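Visitor: Take this structure first; my questions come after.
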Amino acid sequence: MPSAIPQQTSMPDPVLRVEDMVMEFRLGKREVVHAVSGVSFDIYPGETLGLVGESGCGKSSTARAVMQLPAPTSGKVILNGVDLAALNGSQLRRQRKQFQMIFQDPISSLNPRRKVSDIVEMPLVVMGEGTPEERKARVREVLEAVGLDPETSLDRRPFQFSGGQCQRISIARALVSEPSMLICDEPVSALDVSIQAQIINLLLDMKERYHLTMLFISHDLSVVKVVCDRVAVMYMGRICELADSDTLYRQPAHPYTAALLSAIPEADPGRPPQPIAMKEGELPSAINPPSGCRFNSRCPKAQDLCTQVVPPLEEIAPGHTLACHFPLTGD
Amino acid sequence: MRVENLHTHFMTARGLVRAVDGVSFTLKQGVTLGLVGESGCGKTILCRTLMGLLPASAKISERARILFNGQDLRALGEKQLRAIRGRDMAMIFQDPMTSLNPVMKVGAQISETLIHHLGMTKAEAHDRGVELLRAVGISAPERRIDQYPHQLSGGIRQRVAIAIALACEPKLLIADEPTTALDVTVQSGILDLLREQQRERNMSMILITHDLGVVAGRTDEIAVMYAGKMVERSSTKDLFGNTRMPYTQALMESIPHLDHPTHARLRTISGQPPNLIYPPPGCRFAPRCTRAEERCREEEPVLASEVGSEHAFACWRPVGVPVAETAA
Ligand SMILES: Nc1ncnc2c1ncn2[C@@H]1O[C@H](COP(=O)(O)OP(=O)(O)OP(=O)(O)O)[C@@H](O)[C@H]1O
Ligand SMILES: Nc1ncnc2c1ncn2[C@@H]1O[C@H](COP(=O)(O)OP(=O)(O)O)[C@@H](O)[C@H]1O
Ligand code: SF4
Ligand code: SF4
Ligand SMILES: [Mg+2]
Ligand SMILES: [Mg+2]
């Protein structure tokens, strides 16, 4: 058992532990979308875990299942030692201040009819936190922290702000209850390049200032590299590789990770990308996922075994887990 | 293609939106021009103006000239324009479904273009369609031709849209963010295909993107737009190697690179792009520019190159010049 290894005792307990989480959606009578098919990971205090993968691979479904919006089909989501999936409505509401989320589309995730003051205060009202005065003071404090001037912004409504400012408002709303866990689902994908850098820096600042533990979802591996300590790569509802950022970017062992990394366009005309050829072919469907390794229909290294046996997620080096029958050796 | 003094404005309830505000440029045969800039800076509207595909609320300035193969497109009627569009000039969009018909088989859509513009027979068009699909890297084209767009992945759909755009051997191809809606893993394949076809057919191409990484390895020249204006224009190599416009430089520095250390802060550009109804006076980048001085806020810099150079920029205090020299 891993618990017998002595160094484990010095490891702090994870803030979030996700165990064999499954998220399925019913489509009509017979069809089922296998959005997340048995995902497990831990996030330790003060750490940021990145979750990357192509669109539709189940990143947002994972985030929403962790948030219990809705709860996963099966599996455990343990936050600070409490299994969220086992809680009833009012118990869950009491836990909510511990975990908050920000979304990709900054404008539509804010209620257009409400003033910024109400939007940011709302989580505290719902949770019954503090007196009205205490809440107002806290709202001003977080607005300042995210770089908005409370004087000019409190009485305005979201449509009067730019996309980047709306994302600042979302961040303020998420931080107002002093959560220990912040989940960011593509928080900068809808923003302009110049604004994206501002928001990334803000998230890094907030993480330090409020000692946040984060799950950071993005399809952009360069952004993830800046923000995350460890990175999980997801393909069609499963994690295929998880390692600390340096290892993953320097020496990917999963063919899919390698393909993702090699495809990143770098702003350097002397270094055109040399993507690893991946079969485009038929788009595998989350309704009918390929048998065995789900990546087999596009994998340049696939062999017969890959279509028959699901590769288990195994630790190949300390802190580096991988699900592949024929890993890259890195030369 | 030559464009002179182009302004495209929109009348809106809030005021006149100056989407494209005084753009001039020349694009030579066989050259790929990357058009970069942040959202809303006017890239799409500029290209839609060239294609004659503007919404009715748009107004093009009287003095503007859009010359294509020596012909002034502004002097042509809608019927003549339509003949040029799709035959001599073609455009592909961010979302391939914009140019595809969802209820028509792929083959029929390609044939339609070939029959309409080139007067092919049905059988000829069918065979040419298969050839085109093969040319854009689609495997088993005989089978694909009988499929509907919704049966194809995003990457294959974009390849079909490219096949249609190439069907009549256009002289100019405009690709507006052709890979923004696609996953990174299919992006590079599409971009390589466009570059390869452009070279093979000696077409001119305008590749629009907000991503400097996308254009870096795949264009001959780059034009950077900011707030409706072209602010820097040069060969791709020079733009990266010898950046002159502070905005271009700031944009490059704010992009996270793979070798950026984890948790290190990124360089940022403060503030946000200006409102196109009331753009700031002088240089439009001045409110965000770290090099801005008095003159920048009063006088507008024009896009020009130094003697003996083809590298044009619109800036009073360009990067790479000691402060004392520019103060003169
Ligand atoms: N139909 C319209 N009516 C009014 N304004 C418009 C219209 N279409 C575009 N605009 C405005 O014109 C400006 C330029 O728009 P354009 O679509 O060319 O930007 P872009 O550079 O292509 O941006 P993106 O990167 O987001 O595609 C923007 O300020 C936009 O809001
Ligand atoms: N509410 C839903 N009903 C049915 N299918 C869904 C729903 N939400 C997500 N899916 C499907 O689940 C899969 C994973 O989606 P998602 O988690 O949104 O992916 P990502 O965030 O990685 O792009 C996709 O196939 C998607 O279409
Ligand atoms: S298990 Fe097989 S198909 Fe899957 S990634 Fe590894 S080599 Fe490729
Ligand atoms: S003209 Fe002035 S404000 Fe504009 S980019 Fe150059 S230095 Fe900056
Ligand atoms: Mg998503
Ligand atoms: Mg556009």
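Labels for the structure tokens follow display order: chains A, B, ..., residues from 1 in each chain, ligands from 1.
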Leu118 of chain B: which residues within 9 Å, counting only C-alpha atoms, same-chain residues fewer than 5 positions away excluded, as a list in words?
Guide: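 Contacts, with the query itself left out: Arg87, Thr113 and Cys168 of chain B.
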Visitor: Using C-alpha atoms, can you export the residues from the last selection as a PDB file, in the first residue's frame?
Guide:
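Ended up saving to out-v4.pdb:
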```
ATOM      1  CA  ARG B  87     -13.796  32.905 -58.949  1.00  0.00           C
ATOM      2  CA  THR B 113     -19.313  26.420 -57.597  1.00  0.00           C
ATOM      3  CA  CYS B 168     -11.935  28.165 -59.372  1.00  0.00           C
TER       4      CYS B 168
END
```
Visitor: Taking 4 positions as the minimum chain separation for residues in the same chain, which residues sit within 7 Å of segment 61-67 of chain B when counting only C-alpha atoms? Answer as a list in words.
Guide: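 Neighbouring residues, sequence-local ones excluded: Met1, Arg2, Val3, Glu4, Asn5, Leu6, His7, Thr8, Leu50, Gln71, Asp72, Leu73 and Arg74 of chain B.
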Visitor: Please save N, CA and C atoms of the selected residues as a PDB file, in the first residue's frame.
Guide:
```
ATOM      1  N   MET B   1      -3.471  43.322 -55.874  1.00  0.00           N
ATOM      2  CA  MET B   1      -4.446  44.069 -55.097  1.00  0.00           C
ATOM      3  C   MET B   1      -3.816  45.340 -54.553  1.00  0.00           C
ATOM      4  N   ARG B   2      -4.478  46.461 -54.790  1.00  0.00           N
ATOM      5  CA  ARG B   2      -3.979  47.695 -54.218  1.00  0.00           C
ATOM      6  C   ARG B   2      -5.124  48.464 -53.575  1.00  0.00           C
ATOM      7  N   VAL B   3      -4.922  48.901 -52.348  1.00  0.00           N
ATOM      8  CA  VAL B   3      -5.953  49.620 -51.620  1.00  0.00           C
ATOM      9  C   VAL B   3      -5.399  50.994 -51.268  1.00  0.00           C
ATOM     10  N   GLU B   4      -6.212  52.017 -51.538  1.00  0.00           N
ATOM     11  CA  GLU B   4      -5.756  53.362 -51.218  1.00  0.00           C
ATOM     12  C   GLU B   4      -6.759  54.081 -50.344  1.00  0.00           C
ATOM     13  N   ASN B   5      -6.274  54.562 -49.218  1.00  0.00           N
ATOM     14  CA  ASN B   5      -7.049  55.455 -48.372  1.00  0.00           C
ATOM     15  C   ASN B   5      -8.445  54.931 -48.055  1.00  0.00           C
ATOM     16  N   LEU B   6      -8.508  53.716 -47.592  1.00  0.00           N
ATOM     17  CA  LEU B   6      -9.803  53.091 -47.329  1.00  0.00           C
ATOM     18  C   LEU B   6     -10.321  53.405 -45.924  1.00  0.00           C
ATOM     19  N   HIS B   7     -11.555  53.881 -45.903  1.00  0.00           N
ATOM     20  CA  HIS B   7     -12.257  54.055 -44.630  1.00  0.00           C
ATOM     21  C   HIS B   7     -13.554  53.282 -44.732  1.00  0.00           C
ATOM     22  N   THR B   8     -13.847  52.443 -43.770  1.00  0.00           N
ATOM     23  CA  THR B   8     -15.155  51.793 -43.723  1.00  0.00           C
ATOM     24  C   THR B   8     -15.778  52.128 -42.377  1.00  0.00           C
ATOM     25  N   LEU B  50     -12.832  44.462 -49.023  1.00  0.00           N
ATOM     26  CA  LEU B  50     -12.150  44.040 -50.251  1.00  0.00           C
ATOM     27  C   LEU B  50     -13.028  43.086 -51.052  1.00  0.00           C
ATOM     28  N   GLN B  71      -8.300  46.624 -61.949  1.00  0.00           N
ATOM     29  CA  GLN B  71      -9.701  46.988 -62.080  1.00  0.00           C
ATOM     30  C   GLN B  71     -10.166  47.653 -60.792  1.00  0.00           C
ATOM     31  N   ASP B  72     -10.858  48.770 -60.853  1.00  0.00           N
ATOM     32  CA  ASP B  72     -11.361  49.383 -59.628  1.00  0.00           C
ATOM     33  C   ASP B  72     -12.668  48.704 -59.230  1.00  0.00           C
ATOM     34  N   LEU B  73     -12.605  47.928 -58.164  1.00  0.00           N
ATOM     35  CA  LEU B  73     -13.776  47.150 -57.755  1.00  0.00           C
ATOM     36  C   LEU B  73     -14.951  48.041 -57.377  1.00  0.00           C
ATOM     37  N   ARG B  74     -14.641  49.265 -56.942  1.00  0.00           N
ATOM     38  CA  ARG B  74     -15.722  50.150 -56.506  1.00  0.00           C
ATOM     39  C   ARG B  74     -16.555  50.618 -57.688  1.00  0.00           C
TER      40      ARG B  74
END
```
Visitor: Using DSSP secondary structure from the backbone, list all alpha helix (DSSP H) positions within segment 147-177 of chain A, as a ChimeraX atom specification.
Guide: /A:150-153,163-175
Visitor: Please write the residues from the selection above to a file, keeping C-alpha atoms, as a compact mmCIF listing (two decimals), in the first residue's frame.
Guide:
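Contents of the output file part_15.txt:
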```txt
# COMPACT_ATOMS: atom_id res chain seq x y z
CA PRO A 150 -15.00 50.66 -6.21
CA GLU A 151 -16.11 54.30 -6.49
CA THR A 152 -16.72 54.16 -10.22
CA SER A 153 -17.69 50.51 -10.60
CA GLY A 163 -14.59 41.73 -21.42
CA GLY A 164 -11.42 41.97 -19.36
CA GLN A 165 -13.14 44.09 -16.71
CA CYS A 166 -16.06 41.65 -16.59
CA GLN A 167 -13.56 38.88 -15.92
CA ARG A 168 -12.18 40.97 -13.05
CA ILE A 169 -15.72 41.25 -11.67
CA SER A 170 -16.15 37.44 -11.94
CA ILE A 171 -12.88 36.95 -10.08
CA ALA A 172 -13.98 39.37 -7.37
CA ARG A 173 -17.27 37.51 -7.02
CA ALA A 174 -15.45 34.19 -6.75
CA LEU A 175 -13.03 35.48 -4.13
```
Visitor: Give the residues close to ligand 3, within 12 Å, counting only C-alpha atoms and all ligand atoms; write them as a tab-separated table (two decimals) with N, CA, C and O atoms, in the first residue's frame.
Guide:
```tsv
chain	number	residue	atom	x	y	z
A	233	VAL	N	-3.39	15.94	-18.58
A	233	VAL	CA	-3.83	15.99	-19.97
A	233	VAL	C	-5.01	15.03	-20.12
A	233	VAL	O	-4.95	13.88	-19.69
A	234	MET	N	-6.08	15.53	-20.73
A	234	MET	CA	-7.29	14.73	-20.82
A	234	MET	C	-7.62	14.47	-22.28
A	234	MET	O	-7.44	15.33	-23.13
A	235	TYR	N	-8.06	13.27	-22.55
A	235	TYR	CA	-8.52	12.94	-23.91
A	235	TYR	C	-9.79	12.12	-23.79
A	235	TYR	O	-9.81	11.09	-23.11
A	236	MET	N	-10.84	12.56	-24.41
A	236	MET	CA	-12.12	11.86	-24.41
A	236	MET	C	-12.52	11.31	-23.04
A	236	MET	O	-12.78	10.11	-22.91
A	238	ARG	N	-10.91	10.87	-20.26
A	238	ARG	CA	-9.97	10.20	-19.36
A	238	ARG	C	-8.68	11.00	-19.26
A	238	ARG	O	-8.29	11.67	-20.22
A	239	ILE	N	-7.99	10.87	-18.14
A	239	ILE	CA	-6.68	11.50	-18.00
A	239	ILE	C	-5.66	10.57	-18.64
A	239	ILE	O	-5.63	9.37	-18.35
A	240	CYS	N	-4.85	11.09	-19.55
A	240	CYS	CA	-3.85	10.21	-20.15
A	240	CYS	C	-2.47	10.44	-19.57
A	240	CYS	O	-1.64	9.55	-19.63
A	241	GLU	N	-2.22	11.63	-19.03
A	241	GLU	CA	-0.91	11.85	-18.43
A	241	GLU	C	-1.03	12.96	-17.41
A	241	GLU	O	-1.78	13.92	-17.60
A	252	PRO	N	7.27	14.70	-22.52
A	252	PRO	CA	5.97	14.04	-22.50
A	252	PRO	C	6.14	12.55	-22.83
A	252	PRO	O	6.94	12.20	-23.68
A	253	ALA	N	5.39	11.70	-22.14
A	253	ALA	CA	5.50	10.26	-22.39
A	253	ALA	C	4.31	9.75	-23.18
A	253	ALA	O	4.37	8.69	-23.81
A	254	HIS	N	3.21	10.48	-23.15
A	254	HIS	CA	2.01	10.04	-23.87
A	254	HIS	C	2.01	10.63	-25.28
A	254	HIS	O	2.25	11.83	-25.44
A	255	PRO	N	1.73	9.81	-26.29
A	255	PRO	CA	1.74	10.34	-27.66
A	255	PRO	C	0.79	11.53	-27.85
A	255	PRO	O	1.09	12.44	-28.62
A	256	TYR	N	-0.31	11.54	-27.11
A	256	TYR	CA	-1.24	12.66	-27.27
A	256	TYR	C	-0.66	13.95	-26.68
A	256	TYR	O	-0.76	15.02	-27.28
A	257	THR	N	-0.03	13.85	-25.53
A	257	THR	CA	0.63	15.02	-24.94
A	257	THR	C	1.67	15.57	-25.92
A	257	THR	O	1.74	16.78	-26.16
A	258	ALA	N	2.44	14.66	-26.48
A	258	ALA	CA	3.49	15.08	-27.41
A	258	ALA	C	2.88	15.78	-28.62
A	258	ALA	O	3.38	16.81	-29.08
A	259	ALA	N	1.77	15.23	-29.12
A	259	ALA	CA	1.12	15.84	-30.28
A	259	ALA	C	0.61	17.24	-29.94
A	259	ALA	O	0.77	18.19	-30.71
A	278	MET	N	-0.80	13.36	-36.61
A	278	MET	CA	-1.85	12.65	-35.90
A	278	MET	C	-2.95	12.40	-36.91
A	278	MET	O	-3.25	13.27	-37.71
A	279	LYS	N	-3.54	11.23	-36.88
A	279	LYS	CA	-4.59	10.96	-37.86
A	279	LYS	C	-5.79	11.86	-37.56
A	279	LYS	O	-6.23	11.93	-36.42
A	290	PRO	N	-14.08	4.93	-28.65
A	290	PRO	CA	-13.33	3.76	-29.14
A	290	PRO	C	-13.01	2.82	-27.98
A	290	PRO	O	-12.83	3.26	-26.85
A	291	SER	N	-12.94	1.52	-28.28
A	291	SER	CA	-12.60	0.55	-27.24
A	291	SER	C	-11.10	0.65	-26.94
A	291	SER	O	-10.35	1.24	-27.70
A	292	GLY	N	-10.70	0.05	-25.84
A	292	GLY	CA	-9.29	0.09	-25.47
A	292	GLY	C	-8.86	1.50	-25.14
A	292	GLY	O	-9.59	2.23	-24.47
A	293	CYS	N	-7.71	1.91	-25.65
A	293	CYS	CA	-7.26	3.28	-25.46
A	293	CYS	C	-8.10	4.17	-26.37
A	293	CYS	O	-8.17	3.95	-27.58
A	294	ARG	N	-8.70	5.20	-25.80
A	294	ARG	CA	-9.61	6.03	-26.60
A	294	ARG	C	-8.88	6.84	-27.67
A	294	ARG	O	-9.50	7.35	-28.58
A	295	PHE	N	-7.58	6.95	-27.53
A	295	PHE	CA	-6.80	7.72	-28.49
A	295	PHE	C	-6.38	6.86	-29.69
A	295	PHE	O	-5.79	7.36	-30.63
A	296	ASN	N	-6.71	5.59	-29.68
A	296	ASN	CA	-6.13	4.69	-30.69
A	296	ASN	C	-6.46	5.06	-32.13
A	296	ASN	O	-5.66	4.81	-33.03
A	297	SER	N	-7.63	5.70	-32.37
A	297	SER	CA	-7.97	6.01	-33.77
A	297	SER	C	-7.12	7.15	-34.33
A	297	SER	O	-7.10	7.37	-35.54
A	298	ARG	N	-6.42	7.89	-33.49
A	298	ARG	CA	-5.62	9.00	-33.99
A	298	ARG	C	-4.14	8.85	-33.64
A	298	ARG	O	-3.32	9.68	-34.04
A	299	CYS	N	-3.81	7.83	-32.88
A	299	CYS	CA	-2.45	7.72	-32.35
A	299	CYS	C	-1.47	7.17	-33.39
A	299	CYS	O	-1.71	6.13	-33.99
A	300	PRO	N	-0.35	7.88	-33.60
A	300	PRO	CA	0.63	7.37	-34.56
A	300	PRO	C	1.35	6.11	-34.07
A	300	PRO	O	1.97	5.42	-34.86
A	301	LYS	N	1.26	5.79	-32.78
A	301	LYS	CA	1.97	4.63	-32.25
A	301	LYS	C	1.04	3.44	-31.96
A	301	LYS	O	1.48	2.43	-31.39
A	302	ALA	N	-0.22	3.56	-32.30
A	302	ALA	CA	-1.20	2.53	-31.92
A	302	ALA	C	-0.86	1.16	-32.49
A	302	ALA	O	-0.39	1.04	-33.62
A	303	GLN	N	-1.08	0.11	-31.69
A	303	GLN	CA	-0.97	-1.27	-32.15
A	303	GLN	C	-2.25	-2.01	-31.76
A	303	GLN	O	-3.13	-1.43	-31.14
A	304	ASP	N	-2.31	-3.28	-32.12
A	304	ASP	CA	-3.54	-4.04	-31.86
A	304	ASP	C	-3.99	-3.98	-30.40
A	304	ASP	O	-5.16	-3.78	-30.11
A	305	LEU	N	-3.02	-4.15	-29.50
A	305	LEU	CA	-3.34	-4.15	-28.07
A	305	LEU	C	-4.14	-2.91	-27.67
A	305	LEU	O	-5.04	-2.97	-26.83
A	306	CYS	N	-3.82	-1.77	-28.32
A	306	CYS	CA	-4.44	-0.49	-27.96
A	306	CYS	C	-5.94	-0.48	-28.22
A	306	CYS	O	-6.68	0.25	-27.57
A	307	THR	N	-6.40	-1.26	-29.17
A	307	THR	CA	-7.82	-1.28	-29.46
A	307	THR	C	-8.55	-2.26	-28.55
A	307	THR	O	-9.77	-2.28	-28.51
A	308	GLN	N	-7.80	-3.10	-27.83
A	308	GLN	CA	-8.43	-4.14	-27.02
A	308	GLN	C	-8.41	-3.84	-25.53
A	308	GLN	O	-9.39	-4.11	-24.83
A	309	VAL	N	-7.31	-3.31	-25.05
A	309	VAL	CA	-7.15	-3.16	-23.60
A	309	VAL	C	-7.00	-1.69	-23.22
A	309	VAL	O	-6.20	-0.97	-23.81
A	310	VAL	N	-7.79	-1.27	-22.24
A	310	VAL	CA	-7.67	0.09	-21.74
A	310	VAL	C	-6.34	0.21	-20.99
A	310	VAL	O	-6.09	-0.55	-20.05
A	311	PRO	N	-5.46	1.14	-21.39
A	311	PRO	CA	-4.21	1.27	-20.63
A	311	PRO	C	-4.50	1.89	-19.27
A	311	PRO	O	-5.15	2.92	-19.18
A	312	PRO	N	-4.03	1.24	-18.18
A	312	PRO	CA	-4.30	1.80	-16.85
A	312	PRO	C	-3.41	3.02	-16.59
A	312	PRO	O	-2.32	3.13	-17.16
A	313	LEU	N	-3.91	3.91	-15.74
A	313	LEU	CA	-3.12	5.09	-15.36
A	313	LEU	C	-2.14	4.65	-14.28
A	313	LEU	O	-2.53	4.30	-13.18
A	322	LEU	N	0.81	7.94	-16.09
A	322	LEU	CA	0.64	7.80	-17.54
A	322	LEU	C	-0.28	6.63	-17.85
A	322	LEU	O	-0.23	5.59	-17.20
A	323	ALA	N	-1.11	6.80	-18.89
A	323	ALA	CA	-1.95	5.70	-19.36
A	323	ALA	C	-1.63	5.44	-20.83
A	323	ALA	O	-2.22	6.05	-21.72
A	324	CYS	N	-0.68	4.57	-21.08
A	324	CYS	CA	-0.32	4.24	-22.46
A	324	CYS	C	0.44	2.92	-22.50
A	324	CYS	O	1.31	2.69	-21.66
A	325	HIS	N	0.10	2.07	-23.47
A	325	HIS	CA	0.80	0.79	-23.60
A	325	HIS	C	2.20	0.96	-24.18
A	325	HIS	O	3.08	0.15	-23.92
A	326	PHE	N	2.36	1.96	-25.03
A	326	PHE	CA	3.65	2.13	-25.71
A	326	PHE	C	4.16	3.56	-25.57
A	326	PHE	O	4.18	4.33	-26.53
A	327	PRO	N	4.55	3.91	-24.34
A	327	PRO	CA	4.94	5.30	-24.09
A	327	PRO	C	6.15	5.74	-24.91
A	327	PRO	O	6.95	4.91	-25.34
A	328	LEU	N	6.28	7.05	-25.09
A	328	LEU	CA	7.44	7.61	-25.75
A	328	LEU	C	8.60	7.55	-24.77
A	328	LEU	O	8.43	7.81	-23.59
A	329	THR	N	9.76	7.23	-25.28
A	329	THR	CA	10.89	7.10	-24.37
A	329	THR	C	11.68	8.39	-24.27
A	329	THR	O	12.42	8.60	-23.33
```
Visitor: Give me the residues of chain B that have any atom at most 12 Å from an atom of ligand 6; for each, the nearest atom pair and the distance in Å, rounded to one decimal. Use only C-alpha atoms and all ligand atoms, sort by chain and number, and format it as a tab-separated table.
Guide:
```
residue	atom	partner	partner_atom_place_in_ligand_line	distance
B:Ala19	CA	ligand 6	1 (Mg)	11.1
B:Leu35	CA	ligand 6	1 (Mg)	10.6
B:Val36	CA	ligand 6	1 (Mg)	10.1
B:Gly37	CA	ligand 6	1 (Mg)	9.5
B:Glu38	CA	ligand 6	1 (Mg)	9.0
B:Ser39	CA	ligand 6	1 (Mg)	6.7
B:Gly40	CA	ligand 6	1 (Mg)	6.9
B:Cys41	CA	ligand 6	1 (Mg)	8.4
B:Gly42	CA	ligand 6	1 (Mg)	7.2
B:Lys43	CA	ligand 6	1 (Mg)	5.7
B:Thr44	CA	ligand 6	1 (Mg)	4.1
B:Ile45	CA	ligand 6	1 (Mg)	7.2
B:Leu46	CA	ligand 6	1 (Mg)	9.3
B:Cys47	CA	ligand 6	1 (Mg)	9.2
B:Arg48	CA	ligand 6	1 (Mg)	9.7
B:Ile92	CA	ligand 6	1 (Mg)	11.7
B:Phe93	CA	ligand 6	1 (Mg)	9.0
B:Gln94	CA	ligand 6	1 (Mg)	8.2
B:Asp95	CA	ligand 6	1 (Mg)	11.0
B:Ile174	CA	ligand 6	1 (Mg)	12.0
B:Ala175	CA	ligand 6	1 (Mg)	10.4
B:Asp176	CA	ligand 6	1 (Mg)	6.7
B:Glu177	CA	ligand 6	1 (Mg)	7.2
B:Pro178	CA	ligand 6	1 (Mg)	10.4
B:Thr180	CA	ligand 6	1 (Mg)	10.3
B:Leu207	CA	ligand 6	1 (Mg)	11.3
B:Ile208	CA	ligand 6	1 (Mg)	7.8
B:Thr209	CA	ligand 6	1 (Mg)	8.0
B:His210	CA	ligand 6	1 (Mg)	8.7
B:Met225	CA	ligand 6	1 (Mg)	11.9
```
Visitor: Give the residues close to ligand 4, within 10 Å, counting only C-alpha atoms and all ligand atoms; write them as a ChimeraX atom specification.
Guide: /B:231,244-249,282-302,313-319,326
Visitor: Give me a file of those residues, with C-alpha atoms, as a PDB file, in the first residue's frame.
Guide:
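Listing of part_10.pdb after writing:
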```pdb
ATOM      1  CA  VAL B 231       0.480  50.605 -37.653  1.00  0.00           C
ATOM      2  CA  ARG B 244       9.664  49.228 -34.654  1.00  0.00           C
ATOM      3  CA  MET B 245       6.158  49.956 -33.428  1.00  0.00           C
ATOM      4  CA  PRO B 246       5.788  49.885 -29.622  1.00  0.00           C
ATOM      5  CA  TYR B 247       2.371  48.260 -29.925  1.00  0.00           C
ATOM      6  CA  THR B 248       3.739  45.342 -31.941  1.00  0.00           C
ATOM      7  CA  GLN B 249       6.529  44.910 -29.457  1.00  0.00           C
ATOM      8  CA  GLY B 282      -2.840  61.740 -32.102  1.00  0.00           C
ATOM      9  CA  CYS B 283      -1.486  58.199 -32.019  1.00  0.00           C
ATOM     10  CA  ARG B 284      -4.289  55.841 -31.053  1.00  0.00           C
ATOM     11  CA  PHE B 285      -1.965  53.740 -28.971  1.00  0.00           C
ATOM     12  CA  ALA B 286      -0.719  56.719 -26.957  1.00  0.00           C
ATOM     13  CA  PRO B 287      -2.914  56.163 -23.852  1.00  0.00           C
ATOM     14  CA  ARG B 288      -1.350  52.692 -23.451  1.00  0.00           C
ATOM     15  CA  CYS B 289       2.130  53.346 -24.800  1.00  0.00           C
ATOM     16  CA  THR B 290       5.092  53.470 -22.437  1.00  0.00           C
ATOM     17  CA  ARG B 291       7.071  55.558 -24.923  1.00  0.00           C
ATOM     18  CA  ALA B 292       4.374  58.169 -25.500  1.00  0.00           C
ATOM     19  CA  GLU B 293       5.315  61.828 -25.331  1.00  0.00           C
ATOM     20  CA  GLU B 294       3.546  65.151 -25.882  1.00  0.00           C
ATOM     21  CA  ARG B 295       3.615  64.934 -29.666  1.00  0.00           C
ATOM     22  CA  CYS B 296       2.056  61.435 -29.695  1.00  0.00           C
ATOM     23  CA  ARG B 297      -1.095  62.763 -28.071  1.00  0.00           C
ATOM     24  CA  GLU B 298      -1.446  65.659 -30.493  1.00  0.00           C
ATOM     25  CA  GLU B 299      -0.219  64.648 -33.909  1.00  0.00           C
ATOM     26  CA  GLU B 300      -1.108  61.462 -35.677  1.00  0.00           C
ATOM     27  CA  PRO B 301       1.888  59.495 -36.987  1.00  0.00           C
ATOM     28  CA  VAL B 302       1.542  58.208 -40.563  1.00  0.00           C
ATOM     29  CA  PHE B 313       5.561  51.918 -39.183  1.00  0.00           C
ATOM     30  CA  ALA B 314       3.394  54.677 -37.773  1.00  0.00           C
ATOM     31  CA  CYS B 315       5.205  56.009 -34.742  1.00  0.00           C
ATOM     32  CA  TRP B 316       6.981  59.142 -33.542  1.00  0.00           C
ATOM     33  CA  ARG B 317       9.323  57.319 -31.183  1.00  0.00           C
ATOM     34  CA  PRO B 318       9.889  53.910 -32.722  1.00  0.00           C
ATOM     35  CA  VAL B 319      11.565  51.108 -30.833  1.00  0.00           C
ATOM     36  CA  THR B 326      13.860  61.044 -31.876  1.00  0.00           C
TER      37      THR B 326
END
```
Visitor: Please, which residues of chain A lie no more than 9 Å from chain B when the count uses only C-alpha atoms, and can they be set out as number ranges by chain?
Guide: A: 53-55, 162, 164, 191-198, 200-201, 204-205, 219-229, 245-246, 249, 259-278, 280-283
Visitor: If you run DSSP on the backbone, which residues of segment 101-299 of chain B are strand (DSSP E or B), as number ranges by chain?
Guide: B: 172-176, 204-209, 221-226, 229-235
Visitor: Can those selected residues be exported to a file as a PDB file, in the first residue's frame so that it contains C-alpha atoms?
Guide:
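Contents of the output file again-v1.pdb:
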```
ATOM      1  CA  LEU B 172      -6.507  36.010 -54.043  1.00  0.00           C
ATOM      2  CA  LEU B 173      -7.552  33.942 -51.054  1.00  0.00           C
ATOM      3  CA  ILE B 174      -8.590  35.614 -47.817  1.00  0.00           C
ATOM      4  CA  ALA B 175      -8.615  33.378 -44.744  1.00  0.00           C
ATOM      5  CA  ASP B 176     -10.250  35.016 -41.726  1.00  0.00           C
ATOM      6  CA  SER B 204      -1.915  35.916 -53.096  1.00  0.00           C
ATOM      7  CA  MET B 205      -3.231  35.241 -49.635  1.00  0.00           C
ATOM      8  CA  ILE B 206      -4.302  37.314 -46.668  1.00  0.00           C
ATOM      9  CA  LEU B 207      -4.199  35.340 -43.455  1.00  0.00           C
ATOM     10  CA  ILE B 208      -6.098  37.089 -40.669  1.00  0.00           C
ATOM     11  CA  THR B 209      -5.363  36.155 -37.084  1.00  0.00           C
ATOM     12  CA  GLU B 221       4.774  39.814 -44.890  1.00  0.00           C
ATOM     13  CA  ILE B 222       2.837  41.009 -41.879  1.00  0.00           C
ATOM     14  CA  ALA B 223       0.610  44.008 -41.316  1.00  0.00           C
ATOM     15  CA  VAL B 224      -0.315  44.907 -37.748  1.00  0.00           C
ATOM     16  CA  MET B 225      -3.586  46.759 -37.179  1.00  0.00           C
ATOM     17  CA  TYR B 226      -4.609  48.798 -34.162  1.00  0.00           C
ATOM     18  CA  LYS B 229      -5.341  51.614 -38.709  1.00  0.00           C
ATOM     19  CA  MET B 230      -2.345  49.799 -40.044  1.00  0.00           C
ATOM     20  CA  VAL B 231       0.480  50.605 -37.653  1.00  0.00           C
ATOM     21  CA  GLU B 232       3.340  48.425 -38.878  1.00  0.00           C
ATOM     22  CA  ARG B 233       4.033  46.613 -42.108  1.00  0.00           C
ATOM     23  CA  SER B 234       7.107  44.675 -43.154  1.00  0.00           C
ATOM     24  CA  SER B 235       8.511  41.324 -44.139  1.00  0.00           C
TER      25      SER B 235
END
```
